[in-house]
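Colleague: This is the content of structure_36.txt (compact mmCIF, C-alpha atoms and all ligand atoms):
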```txt
# COMPACT_ATOMS: atom_id res chain seq x y z
CA MET A 199 -19.57 33.17 21.86
CA ASN A 200 -21.17 35.81 19.66
CA VAL A 201 -20.53 34.91 16.03
CA LEU A 202 -21.26 37.37 13.26
CA ILE A 203 -22.46 35.34 10.28
CA VAL A 204 -21.83 37.06 6.97
CA ASN A 205 -23.23 36.11 3.58
CA ALA A 206 -21.88 38.44 0.91
CA GLY A 207 -23.42 38.79 -2.55
CA SER A 208 -22.21 40.91 -5.44
CA SER A 209 -24.16 43.96 -4.27
CA SER A 210 -25.50 42.77 -0.93
CA LEU A 211 -24.33 41.65 2.47
CA LYS A 212 -26.60 39.72 4.84
CA TYR A 213 -25.68 39.32 8.48
CA GLN A 214 -26.78 37.63 11.69
CA LEU A 215 -25.28 38.01 15.12
CA PHE A 216 -25.66 34.58 16.70
CA ASP A 217 -25.08 33.66 20.33
CA THR A 218 -23.83 30.06 20.40
CA ALA A 219 -24.48 29.67 24.14
CA SER A 220 -28.21 30.37 23.91
CA LYS A 221 -28.39 29.22 20.25
CA SER A 222 -30.28 32.38 19.45
CA VAL A 223 -30.14 35.21 16.94
CA LEU A 224 -29.34 38.55 18.64
CA ALA A 225 -29.78 40.63 15.48
CA LYS A 226 -30.02 40.16 11.75
CA GLY A 227 -30.39 42.18 8.60
CA GLY A 228 -28.79 43.13 5.35
CA CYS A 229 -27.25 45.83 3.21
CA GLU A 230 -28.49 46.13 -0.35
CA ARG A 231 -27.31 47.94 -3.46
CA ILE A 232 -23.65 48.09 -2.42
CA GLY A 233 -21.75 49.94 -5.14
CA ILE A 234 -25.04 51.04 -6.74
CA GLU A 235 -26.99 54.22 -6.10
CA GLY A 236 -29.88 53.93 -3.63
CA GLY A 237 -28.31 51.71 -0.95
CA LYS A 238 -30.49 50.44 1.89
CA VAL A 239 -29.79 48.84 5.27
CA GLU A 240 -32.22 46.64 7.20
CA HIS A 241 -31.71 45.69 10.83
CA LYS A 242 -33.87 43.55 13.08
CA VAL A 243 -33.48 42.76 16.75
CA PRO A 244 -35.96 40.16 18.04
CA GLY A 245 -38.76 41.77 20.02
CA ARG A 246 -38.13 45.25 18.59
CA GLU A 247 -39.49 47.14 15.60
CA PRO A 248 -37.41 46.51 12.44
CA TYR A 249 -35.22 49.45 11.48
CA GLU A 250 -34.42 50.51 7.92
CA PHE A 251 -32.46 53.41 6.50
CA ALA A 252 -30.94 54.65 3.25
CA SER A 253 -27.15 54.61 3.00
CA GLU A 254 -24.87 54.97 0.01
CA MET A 255 -22.28 52.19 0.27
CA ALA A 256 -19.52 52.29 -2.30
CA THR A 257 -17.88 49.08 -1.09
CA HIS A 258 -18.49 46.05 1.12
CA GLU A 259 -16.25 47.73 3.73
CA ASP A 260 -18.82 50.53 3.96
CA ALA A 261 -21.52 47.91 4.42
CA ILE A 262 -19.71 46.04 7.19
CA ARG A 263 -18.98 49.38 8.93
CA ASN A 264 -22.72 50.06 8.85
CA VAL A 265 -23.41 46.64 10.36
CA ILE A 266 -20.89 47.12 13.20
CA ALA A 267 -22.25 50.62 13.91
CA LEU A 268 -25.79 49.21 14.11
CA LEU A 269 -24.87 46.24 16.31
CA THR A 270 -23.05 48.51 18.78
CA ASP A 271 -25.50 51.43 18.61
CA ALA A 272 -26.75 52.42 22.08
CA GLU A 273 -30.39 52.51 20.97
CA ARG A 274 -30.63 50.06 18.05
CA GLY A 275 -27.84 47.65 18.87
CA CYS A 276 -27.46 44.55 21.02
CA ILE A 277 -23.77 44.60 22.03
CA SER A 278 -21.67 47.39 23.50
CA SER A 279 -18.54 47.04 21.38
CA MET A 280 -16.92 45.06 18.59
CA LYS A 281 -14.96 43.19 21.31
CA GLU A 282 -18.15 41.24 21.99
CA ILE A 283 -17.91 39.63 18.56
CA GLY A 284 -15.81 36.49 19.12
CA ALA A 285 -15.50 35.56 15.45
CA VAL A 286 -16.97 36.06 12.02
CA GLY A 287 -18.35 33.05 10.14
CA HIS A 288 -18.51 33.50 6.38
CA ARG A 289 -20.86 31.41 4.31
CA VAL A 290 -18.91 30.38 1.20
CA VAL A 291 -20.81 28.55 -1.50
CA HIS A 292 -17.99 26.47 -2.99
CA GLY A 293 -14.92 24.92 -1.40
CA GLY A 294 -13.88 23.16 -4.61
CA PRO A 295 -11.48 20.25 -4.14
CA TYR A 296 -9.59 22.18 -1.45
CA PHE A 297 -11.89 22.34 1.56
CA THR A 298 -13.72 19.48 3.22
CA SER A 299 -14.39 21.36 6.47
CA SER A 300 -14.51 24.88 7.85
CA VAL A 301 -11.22 26.77 8.12
CA LEU A 302 -9.69 29.90 9.59
CA ALA A 303 -9.02 32.47 6.88
CA ASP A 304 -5.35 33.16 6.18
CA GLU A 305 -3.34 34.01 3.09
CA ASP A 306 -2.95 30.41 1.96
CA VAL A 307 -6.66 29.66 2.50
CA LEU A 308 -7.74 32.77 0.61
CA ALA A 309 -5.44 31.86 -2.28
CA LYS A 310 -7.22 28.48 -2.51
CA VAL A 311 -10.66 30.13 -2.34
CA GLU A 312 -9.48 32.33 -5.20
CA LYS A 313 -8.84 29.15 -7.19
CA CYS A 314 -12.51 28.17 -6.68
CA ARG A 315 -13.61 31.35 -8.45
CA ASP A 316 -14.03 29.55 -11.77
CA LEU A 317 -16.31 26.94 -10.16
CA ALA A 318 -18.86 29.49 -8.91
CA PRO A 319 -18.01 32.86 -10.47
CA LEU A 320 -21.22 34.55 -9.34
CA HIS A 321 -20.66 33.60 -5.71
CA ILE A 322 -16.94 33.31 -4.95
CA GLY A 323 -16.01 36.84 -6.07
CA PRO A 324 -18.53 38.48 -3.71
CA SER A 325 -17.60 36.09 -0.87
CA LEU A 326 -13.94 37.07 -1.18
CA THR A 327 -14.89 40.74 -1.24
CA GLY A 328 -16.93 40.24 1.94
CA ILE A 329 -14.14 38.31 3.67
CA HIS A 330 -11.51 40.96 2.81
CA ALA A 331 -13.87 43.73 3.94
CA CYS A 332 -14.40 42.06 7.33
CA MET A 333 -10.66 41.39 7.72
CA ASP A 334 -9.97 45.07 7.06
CA VAL A 335 -12.66 46.45 9.34
CA MET A 336 -12.34 43.83 12.12
CA LYS A 337 -8.59 43.32 12.20
CA ASP A 338 -8.38 41.37 15.47
CA VAL A 339 -11.46 39.20 14.99
CA PRO A 340 -10.84 35.68 13.62
CA GLN A 341 -12.58 34.99 10.30
CA VAL A 342 -13.81 31.47 9.60
CA LEU A 343 -14.99 30.14 6.25
CA VAL A 344 -17.86 27.64 6.23
CA PHE A 345 -18.42 25.95 2.88
CA ASP A 346 -21.77 24.83 1.45
CA THR A 347 -19.97 21.91 -0.18
CA ALA A 348 -18.09 20.63 2.90
CA PHE A 349 -20.73 18.28 4.38
CA HIS A 350 -20.85 16.42 1.05
CA ALA A 351 -17.11 15.72 0.97
CA THR A 352 -17.71 12.16 2.23
CA MET A 353 -19.33 11.05 -1.06
CA PRO A 354 -17.66 8.00 -2.57
CA GLU A 355 -16.06 8.14 -6.00
CA GLU A 356 -18.95 6.36 -7.71
CA ALA A 357 -21.29 9.16 -6.57
CA TYR A 358 -19.06 12.13 -7.32
CA LEU A 359 -17.44 11.14 -10.62
CA TYR A 360 -19.19 12.27 -13.79
CA PRO A 361 -18.80 9.88 -16.73
CA ILE A 362 -16.91 12.33 -18.94
CA PRO A 363 -13.22 12.06 -19.93
CA TYR A 364 -11.22 11.66 -16.73
CA GLU A 365 -8.80 14.37 -17.82
CA TYR A 366 -11.52 17.00 -17.18
CA PHE A 367 -11.81 15.83 -13.59
CA GLU A 368 -8.04 16.20 -13.25
CA LYS A 369 -7.72 19.42 -15.22
CA TYR A 370 -10.82 21.34 -14.08
CA HIS A 371 -11.89 19.44 -10.93
CA ILE A 372 -15.23 18.64 -12.58
CA ARG A 373 -17.07 16.34 -10.17
CA ARG A 374 -20.19 16.33 -8.02
CA TYR A 375 -19.68 18.59 -5.01
CA GLY A 376 -23.18 19.16 -3.61
CA PHE A 377 -24.55 22.27 -1.91
CA HIS A 378 -26.82 23.33 1.00
CA GLY A 379 -24.36 21.37 3.17
CA SER A 380 -25.08 23.26 6.41
CA SER A 381 -28.81 22.62 6.00
CA HIS A 382 -28.45 18.90 5.24
CA LYS A 383 -26.03 18.63 8.16
CA TYR A 384 -28.39 20.33 10.60
CA VAL A 385 -31.58 18.44 9.70
CA SER A 386 -29.87 15.04 9.45
CA ARG A 387 -28.23 15.61 12.84
CA GLU A 388 -31.61 16.52 14.37
CA MET A 389 -33.22 13.49 12.72
CA ILE A 390 -30.53 11.15 14.07
CA LYS A 391 -31.40 12.35 17.60
CA LEU A 392 -35.03 11.36 16.97
CA LEU A 393 -34.21 7.85 15.76
CA ASP A 394 -33.98 5.02 18.17
CA LYS A 395 -30.73 3.53 16.88
CA PRO A 396 -26.97 4.22 16.90
CA ALA A 397 -26.01 7.16 14.67
CA GLU A 398 -23.65 4.96 12.57
CA GLU A 399 -26.58 2.77 11.54
CA THR A 400 -28.98 5.50 10.43
CA LYS A 401 -30.14 5.95 6.82
CA ILE A 402 -31.78 9.29 6.14
CA VAL A 403 -32.96 11.16 3.05
CA THR A 404 -32.94 14.92 3.61
CA CYS A 405 -35.03 17.03 1.21
CA HIS A 406 -34.04 20.71 1.22
CA LEU A 407 -36.75 22.22 -0.98
CA GLY A 408 -36.56 25.98 -1.41
CA ASN A 409 -35.92 28.36 -4.23
CA GLY A 410 -32.85 26.21 -4.73
CA SER A 411 -33.49 22.56 -3.91
CA SER A 412 -31.38 19.51 -3.20
CA ILE A 413 -31.76 16.07 -1.67
CA ALA A 414 -29.05 14.13 0.16
CA ALA A 415 -28.58 10.51 1.19
CA VAL A 416 -27.07 10.59 4.67
CA LYS A 417 -25.83 7.20 5.87
CA GLY A 418 -24.39 6.95 9.35
CA GLY A 419 -24.34 10.74 9.55
CA LYS A 420 -22.29 11.06 6.34
CA VAL A 421 -23.43 12.10 2.89
CA ILE A 422 -23.07 9.33 0.31
CA ASP A 423 -24.90 11.10 -2.53
CA THR A 424 -26.69 14.34 -3.29
CA THR A 425 -28.60 15.82 -6.20
CA MET A 426 -26.71 19.08 -6.78
CA GLY A 427 -23.47 18.57 -8.61
CA PHE A 428 -20.56 20.51 -10.02
CA THR A 429 -22.79 23.56 -9.63
CA PRO A 430 -26.12 24.20 -7.89
CA LEU A 431 -27.86 23.70 -11.27
CA ASP A 432 -27.91 19.89 -11.12
CA GLY A 433 -30.63 17.66 -9.68
CA LEU A 434 -34.17 18.80 -8.95
CA ILE A 435 -36.37 21.30 -10.78
CA MET A 436 -36.04 24.62 -8.88
CA GLY A 437 -37.59 28.10 -8.94
CA THR A 438 -35.86 29.17 -12.15
CA ARG A 439 -33.18 26.45 -12.52
CA SER A 440 -33.73 23.41 -14.71
CA GLY A 441 -32.03 20.80 -12.55
CA ALA A 442 -30.71 17.72 -14.38
CA ILE A 443 -31.66 17.49 -18.04
CA ASP A 444 -30.34 15.48 -20.97
CA PRO A 445 -27.01 17.25 -21.64
CA ALA A 446 -27.65 16.99 -25.39
CA ILE A 447 -30.49 19.51 -24.98
CA VAL A 448 -27.87 22.17 -24.28
CA THR A 449 -26.03 21.90 -27.60
CA PHE A 450 -29.29 21.25 -29.47
CA LEU A 451 -30.85 24.48 -28.19
CA MET A 452 -27.68 26.50 -28.65
CA GLU A 453 -27.69 25.54 -32.31
CA LYS A 454 -31.41 25.89 -32.95
CA GLU A 455 -31.87 29.16 -31.07
CA ASN A 456 -28.43 30.53 -31.90
CA LEU A 457 -27.59 31.01 -28.22
CA SER A 458 -24.19 31.94 -26.82
CA PRO A 459 -22.86 30.03 -23.75
CA ALA A 460 -23.91 32.98 -21.55
CA GLU A 461 -27.41 33.02 -23.05
CA MET A 462 -27.76 29.26 -22.66
CA ASN A 463 -26.57 29.58 -19.09
CA ALA A 464 -29.31 32.18 -18.48
CA VAL A 465 -31.95 29.84 -19.98
CA LEU A 466 -30.94 27.04 -17.62
CA ASN A 467 -30.45 29.18 -14.50
CA LYS A 468 -33.02 31.95 -14.84
CA LYS A 469 -35.74 30.89 -17.27
CA SER A 470 -36.26 27.21 -16.47
CA GLY A 471 -37.54 25.28 -13.48
CA LEU A 472 -41.01 26.07 -12.10
CA LEU A 473 -40.93 29.31 -14.10
CA GLY A 474 -40.02 27.53 -17.32
CA VAL A 475 -42.68 24.84 -17.06
CA SER A 476 -45.50 27.02 -15.67
CA GLU A 477 -44.48 29.91 -17.94
CA LYS A 478 -45.48 32.28 -15.14
CA TYR A 479 -44.40 31.37 -11.62
CA SER A 480 -40.97 30.82 -10.11
CA ASP A 481 -42.41 30.93 -6.59
CA PHE A 482 -43.93 27.66 -5.43
CA ARG A 483 -46.71 29.54 -3.59
CA ASP A 484 -47.88 31.17 -6.82
CA CYS A 485 -47.69 27.88 -8.70
CA ARG A 486 -49.77 26.22 -5.99
CA MET A 487 -52.39 28.99 -6.05
CA ALA A 488 -52.65 28.74 -9.83
CA MET A 489 -53.05 24.99 -9.55
CA ASP A 490 -55.68 25.14 -6.78
CA ASN A 491 -57.71 28.15 -7.92
CA GLU A 492 -57.44 28.18 -11.69
CA LYS A 493 -56.57 24.55 -12.34
CA ASP A 494 -53.73 25.99 -14.43
CA PRO A 495 -52.36 22.89 -16.27
CA LYS A 496 -48.80 24.21 -16.64
CA ALA A 497 -48.50 25.24 -12.98
CA THR A 498 -49.91 21.82 -12.07
CA ALA A 499 -47.35 20.14 -14.33
CA ALA A 500 -44.49 22.08 -12.69
CA ILE A 501 -45.58 20.92 -9.22
CA ARG A 502 -46.03 17.35 -10.40
CA VAL A 503 -42.53 17.33 -11.89
CA LEU A 504 -41.05 18.41 -8.55
CA ALA A 505 -43.11 15.89 -6.55
CA TYR A 506 -42.20 13.09 -8.95
CA GLN A 507 -38.50 13.91 -8.83
CA VAL A 508 -38.51 13.99 -5.02
CA LYS A 509 -40.18 10.55 -5.01
CA LYS A 510 -37.65 9.22 -7.52
CA TYR A 511 -34.66 10.36 -5.47
CA ILE A 512 -36.13 8.97 -2.23
CA GLY A 513 -36.31 5.58 -3.95
CA ALA A 514 -32.89 5.92 -5.51
CA TYR A 515 -31.25 6.91 -2.25
CA ALA A 516 -33.00 4.15 -0.28
CA ALA A 517 -31.41 1.77 -2.80
CA ALA A 518 -28.03 3.51 -2.53
CA MET A 519 -28.06 3.31 1.28
CA GLY A 520 -29.46 -0.23 1.40
CA GLY A 521 -32.50 0.87 3.40
CA LEU A 522 -34.25 3.86 4.85
CA ASP A 523 -35.01 5.02 8.40
CA ALA A 524 -36.29 8.54 7.82
CA VAL A 525 -37.23 11.20 5.28
CA VAL A 526 -36.88 14.85 6.31
CA PHE A 527 -38.43 17.89 4.62
CA THR A 528 -36.99 21.36 5.14
CA ALA A 529 -36.49 24.89 3.66
CA GLY A 530 -39.07 27.32 2.24
CA ILE A 531 -41.12 24.87 0.18
CA GLY A 532 -40.49 21.77 2.30
CA GLU A 533 -41.49 23.55 5.52
CA ASN A 534 -44.46 25.51 4.24
CA ASN A 535 -46.32 23.37 1.72
CA ASN A 536 -48.27 20.29 2.76
CA ILE A 537 -48.66 18.96 -0.80
CA ILE A 538 -44.95 18.81 -1.50
CA ARG A 539 -44.55 16.58 1.53
CA ALA A 540 -47.59 14.45 0.70
CA MET A 541 -47.34 13.97 -3.09
CA PRO A 542 -43.85 12.42 -3.23
CA LEU A 543 -44.70 9.92 -0.48
CA GLU A 544 -47.84 8.59 -2.13
CA GLY A 545 -47.51 4.89 -2.93
CA LEU A 546 -44.29 4.43 -0.96
CA GLU A 547 -45.90 2.06 1.56
CA TYR A 548 -43.81 -0.76 0.11
CA LEU A 549 -40.73 1.14 1.33
CA GLY A 550 -42.18 1.24 4.85
CA ILE A 551 -43.63 4.75 4.71
CA ASP A 552 -47.05 5.16 6.32
CA PHE A 553 -47.70 8.86 5.82
CA ASP A 554 -49.94 10.75 8.27
CA HIS A 555 -52.00 13.13 6.11
CA GLU A 556 -53.87 14.56 9.10
CA ALA A 557 -50.68 15.50 10.93
CA ASN A 558 -49.26 16.93 7.71
CA ASP A 559 -52.34 19.07 6.98
CA ALA A 560 -52.54 20.30 10.59
CA ILE A 561 -49.10 21.99 10.48
CA ARG A 562 -49.36 25.73 11.12
CA ARG A 563 -46.76 28.51 11.13
CA PRO A 564 -44.39 29.11 12.79
CA VAL A 565 -43.36 25.58 12.01
CA SER A 566 -41.44 23.41 14.41
CA THR A 567 -40.12 19.86 14.22
CA THR A 568 -43.13 17.65 13.50
CA CYS A 569 -43.57 13.95 12.82
CA ILE A 570 -45.76 13.39 9.77
CA SER A 571 -45.69 9.61 9.62
CA LYS A 572 -48.04 7.33 11.56
CA PRO A 573 -46.68 5.64 14.70
CA SER A 574 -46.89 2.35 12.79
CA SER A 575 -44.64 3.69 10.00
CA ARG A 576 -41.31 1.85 9.89
CA VAL A 577 -39.73 4.84 8.10
CA LYS A 578 -40.19 8.10 10.02
CA VAL A 579 -41.13 11.22 8.09
CA TYR A 580 -40.40 14.60 9.67
CA LEU A 581 -40.62 18.27 8.93
CA ILE A 582 -37.56 19.87 10.55
CA PRO A 583 -37.09 23.65 10.12
CA THR A 584 -33.56 24.16 8.95
CA ASN A 585 -31.02 26.19 10.91
CA GLU A 586 -27.98 26.77 8.72
CA GLU A 587 -26.92 29.67 10.93
CA LEU A 588 -26.54 27.37 13.93
CA ILE A 589 -24.21 25.09 11.95
CA ILE A 590 -22.16 28.06 10.68
CA ALA A 591 -21.93 29.57 14.18
CA GLU A 592 -21.01 26.25 15.81
CA ASP A 593 -18.39 25.48 13.20
CA THR A 594 -16.94 28.97 13.56
CA GLU A 595 -16.71 28.61 17.32
CA ARG A 596 -15.09 25.17 17.01
CA VAL A 597 -12.48 26.32 14.48
CA VAL A 598 -11.62 29.34 16.66
CA SER A 599 -11.33 27.22 19.82
CA GLU A 600 -9.03 24.73 18.04
CA ARG A 601 -6.57 27.42 16.97
P1 LIG B 701 -36.16 29.37 0.40
O1 LIG B 701 -35.24 29.41 -0.77
O2 LIG B 701 -35.84 28.25 1.36
O3 LIG B 701 -36.34 30.69 1.08
O4 LIG B 701 -37.61 28.99 -0.20
C1 LIG B 701 -38.30 29.79 -1.11
C2 LIG B 701 -39.53 29.01 -1.60
O5 LIG B 701 -40.31 28.66 -0.46
C3 LIG B 701 -40.45 29.77 -2.54
O6 LIG B 701 -40.73 28.96 -3.67
C4 LIG B 701 -41.74 29.96 -1.74
O7 LIG B 701 -42.85 29.71 -2.52
C5 LIG B 701 -41.67 28.94 -0.66
N1 LIG B 701 -42.24 29.50 0.58
C6 LIG B 701 -41.62 30.31 1.44
N2 LIG B 701 -42.45 30.67 2.45
C7 LIG B 701 -43.64 30.10 2.17
C8 LIG B 701 -44.91 30.09 2.82
N3 LIG B 701 -45.12 30.77 3.93
N4 LIG B 701 -45.90 29.37 2.25
C9 LIG B 701 -45.69 28.69 1.13
N5 LIG B 701 -44.52 28.66 0.48
C10 LIG B 701 -43.50 29.34 0.98
```
Translate the structure of the given file into structure tokens.
Ligand code: AMP

Modeller:
Amino acid sequence: MNVLIVNAGSSSLKYQLFDTASKSVLAKGGCERIGIEGGKVEHKVPGREPYEFASEMATHEDAIRNVIALLTDAERGCISSMKEIGAVGHRVVHGGPYFTSSVLADEDVLAKVEKCRDLAPLHIGPSLTGIHACMDVMKDVPQVLVFDTAFHATMPEEAYLYPIPYEYFEKYHIRRYGFHGSSHKYVSREMIKLLDKPAEETKIVTCHLGNGSSIAAVKGGKVIDTTMGFTPLDGLIMGTRSGAIDPAIVTFLMEKENLSPAEMNAVLNKKSGLLGVSEKYSDFRDCRMAMDNEKDPKATAAIRVLAYQVKKYIGAYAAAMGGLDAVVFTAGIGENNNIIRAMPLEGLEYLGIDFDHEANDAIRRPVSTTCISKPSSRVKVYLIPTNEELIIAEDTERVVSER
């Protein structure tokens, strides 16, 4: 089945046409500056020159019409008509307490997604706009919602409850949800295939390290804990996000710096993380260059904080799972930076990790699944390139076939 994967932002819409039979991307691209002057559309078909053009798009409907026109274009496209799109799979960042797996969009489902708006205001509004736009433009094509939080729905109460008054959990659904679910699902599933034991007995730590980063403890194929929480701000230091900090810092800084909730939110989401500590670089590559070339102490500190936190969570999750069979690194930083795979694993021999520095340093792009632990290592360490699109496309196909 050809599944059109849609990821709508407030002024953007990214797409991929994915063929689930061959597990390959037929086309991908994005529309930018929707509702703003100077719109632009990018379209790539593997093996052909990328194509880009200017287009004013007042709404997300205009954007999705552009996408359909491109996909079915005689010269630029890869399908002959919209009938060749079996379903649309929408990436939705938050399923709140309502969704623990992917669902077919209908009125009731969309009303529940609407209720999640408060939990991720920057993301849910644009997602809903994208979903409605696709429903309007592709009336007969089933629309499936795939939630970033769904794979984490198996967490036990002790992992998802925050120790604040219980009434806030009941009133506002404040709990740990977890994000990057499709990525953790994909890499843990691939890792299980590589382990020589029944899936139910596997204990895996998956490290999704990108601009946004999270780690998950996956026991028997199910998440039992993860670092992101109520929002994607919790857990690890990220590009510009603080990750977990002492909550008292928030009120302290608001008072001292006279910051409004919105300003404090911006400090934590946009001015912290690698950028905050290094004072210059939100991109890990730049931080690394500053550390290697200039011995920049703040960039070095930012990298050391990340490496230390990854190590700490590997230990914590090994304890939570009662053992460890494998550690997986994935996403932009995890796939492309040897030091962020090596530094956290230093000194973890007592856990059964015998890291293979040579194999790790020999990795070249384009990356593919690679073992970076020595054959003697009891715990396997792997780099597995993530494939969230495959999970979204597969889930979409499954939900449609179960209708
Ligand atoms: P993501 O959010 O998964 O796209 O990851 C973005 C992060 O990955 C940024 O901090 C980049 O520094 C890092 N990254 C992406 N590509 C590379 C690369 N080729 N080499 C080094 N770092 C990379």

Colleague: Which residues form the shell of 8 Å around ligand LIG 701 (chain B) when you count only C-alpha atoms and all ligand atoms, given as a PyMOL selection string?

Modeller: chain A and resi 406-411+437+480-484+528-535+563

Colleague: Compile the contact shell of A:Thr404 as a PyMOL selection string: residues with an atom at most 9 Å away, counting only C-alpha atoms, same-chain residues fewer than 4 positions apart removed.

Modeller: chain A and resi 382+385-386+412-416+512+524-528

Colleague: Give me the residues within 6 Å of A:Lys226 as an MDAnalysis selection string, counting all atoms listed in the file and dropping any in the same chain fewer than 5 places off.

Modeller: chainID A and resid 213:214 241:242

Colleague: Now that the selection is made, can you save its residues with C-alpha atoms as a PDB file, keeping the file's coordinate frame?

Modeller:
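Output (out37.pdb):
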```pdb
ATOM      1  CA  TYR A 213     -25.680  39.320   8.480  1.00  0.00           C
ATOM      2  CA  GLN A 214     -26.780  37.630  11.690  1.00  0.00           C
ATOM      3  CA  HIS A 241     -31.710  45.690  10.830  1.00  0.00           C
ATOM      4  CA  LYS A 242     -33.870  43.550  13.080  1.00  0.00           C
TER       5      LYS A 242
END
```

Colleague: Find the residues around A:Lys395 up to 12 Å (only C-alpha atoms counted), leave out those fewer than 6 positions away in its own chain, and share them as a list in words.

Modeller: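 My reading of the contact set: Met389, Lys401, Gly418, Asp523 and Ala524 of chain A.
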
Colleague: Could the residues in this selection be saved with C-alpha atoms as a short mmCIF file (atom, residue, chain, number, x, y, z; two decimals), keeping the file's coordinate frame?

Modeller:
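For reference, out-v6.cif as written:
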```cif
data_model
loop_
_atom_site.label_atom_id
_atom_site.label_comp_id
_atom_site.auth_asym_id
_atom_site.auth_seq_id
_atom_site.Cartn_x
_atom_site.Cartn_y
_atom_site.Cartn_z
CA MET A 389 -33.22 13.49 12.72
CA LYS A 401 -30.14 5.95 6.82
CA GLY A 418 -24.39 6.95 9.35
CA ASP A 523 -35.01 5.02 8.40
CA ALA A 524 -36.29 8.54 7.82
#
```

Colleague: So, with all atoms listed in the file as the atoms that count, which of A:Val243, A:Val503, A:Leu393, A:Ala261 lies closest to A:Leu211?

Modeller: A:Ala261

Colleague: When you look at A:Glu544 with a cut-off of 9 Å (counting all atoms listed in the file), what residues show up, excluding the ones that are within fewer than 5 positions of it in the same chain? I need them as a PyMOL selection string.

Modeller: chain A and resi 509+551+553

Colleague: Using only C-alpha atoms, which residues sit within 10 Å of A:Thr568 once same-chain residues fewer than 6 positions away are excluded, as a PyMOL selection string?

Modeller: chain A and resi 526+557-558+561+579-583

Colleague: Keeping only C-alpha atoms, take the residues you just selected and write them out as an mmCIF file, in the frame of the given file.

Modeller:
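As written to disk, out_11.cif reads:
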```cif
data_model
loop_
_atom_site.group_PDB
_atom_site.id
_atom_site.type_symbol
_atom_site.label_atom_id
_atom_site.label_comp_id
_atom_site.auth_asym_id
_atom_site.auth_seq_id
_atom_site.Cartn_x
_atom_site.Cartn_y
_atom_site.Cartn_z
ATOM 1 C CA VAL A 526 -36.880 14.850 6.310
ATOM 2 C CA ALA A 557 -50.680 15.500 10.930
ATOM 3 C CA ASN A 558 -49.260 16.930 7.710
ATOM 4 C CA ILE A 561 -49.100 21.990 10.480
ATOM 5 C CA VAL A 579 -41.130 11.220 8.090
ATOM 6 C CA TYR A 580 -40.400 14.600 9.670
ATOM 7 C CA LEU A 581 -40.620 18.270 8.930
ATOM 8 C CA ILE A 582 -37.560 19.870 10.550
ATOM 9 C CA PRO A 583 -37.090 23.650 10.120
#
```

Colleague: I'd like to know which of A:Ser210, A:Ser440, A:Ser278, A:Thr567 is closest to A:Leu392, using all atoms listed in the file.

Modeller: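 Among the listed residues, A:Thr567 lies closest to A:Leu392.
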
Colleague: Residues within 7 Å of (-19.3, 17.2, 2.9), file coordinates, counting only C-alpha atoms: what are they? Give the list as a PDB file with C-alpha atoms, in the coordinates of the input.

Modeller:
```pdb
ATOM      1  CA  THR A 298     -13.720  19.480   3.220  1.00  0.00           C
ATOM      2  CA  THR A 347     -19.970  21.910  -0.180  1.00  0.00           C
ATOM      3  CA  ALA A 348     -18.090  20.630   2.900  1.00  0.00           C
ATOM      4  CA  PHE A 349     -20.730  18.280   4.380  1.00  0.00           C
ATOM      5  CA  HIS A 350     -20.850  16.420   1.050  1.00  0.00           C
ATOM      6  CA  ALA A 351     -17.110  15.720   0.970  1.00  0.00           C
ATOM      7  CA  THR A 352     -17.710  12.160   2.230  1.00  0.00           C
ATOM      8  CA  GLY A 379     -24.360  21.370   3.170  1.00  0.00           C
ATOM      9  CA  VAL A 421     -23.430  12.100   2.890  1.00  0.00           C
TER      10      VAL A 421
END
```

Colleague: Return the single residue from A:Phe428, A:Ile570, A:Gly521, A:Glu247 that is closest to A:Thr400, with distances computed using all atoms listed in the file.

Modeller: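 With all atoms listed in the file as the atom set, the closest residue is A:Gly521.
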
Colleague: Counting all atoms listed in the file, which of A:Leu215, A:Ile232, A:Cys569, A:Ile589 gets nearest to A:Phe345?

Modeller: A:Ile589

Colleague: How would you write as a ChimeraX atom specification the residues that get within 12 Å of (-7.8, 29.8, 10.2) in the file's frame, counting all atoms listed in the file?

Modeller: /A:285-288,299-308,339-344,593-601

Colleague: Figure out the distance between atom CA of A:Thr257 and atom CA of A:Glu586, please, to one decimal in Å.

Modeller: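 Separating atom CA of A:Glu586 from atom CA of A:Thr257 is a distance of 26.4 Å.
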
Colleague: Quick one: pull the distance between atom CA of A:Lys313 and atom CA of A:Pro459, Å, one decimal.

Modeller: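 Going from atom CA of A:Lys313 over to atom CA of A:Pro459, I get 21.7 Å.
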
Colleague: May I ask which of the residues A:Arg315, A:Lys478, A:Arg289, A:His330 is the closest one to A:Val204, counting only C-alpha atoms?

Modeller: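 Closest to A:Val204, using only C-alpha atoms: A:Arg289.
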
Colleague: For a quick check of understanding, using only C-alpha atoms, which of A:Met519, A:Leu451, A:Leu268, A:Ile203 has the smallest distance to A:Cys332?

Modeller: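 Checking each candidate against A:Cys332, we get A:Ile203 as the closest.
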
Colleague: When you draw a straight line from atom CA of A:Tyr360 to atom CA of A:Arg374, how long is it in Å?

Modeller: 7.1 Å
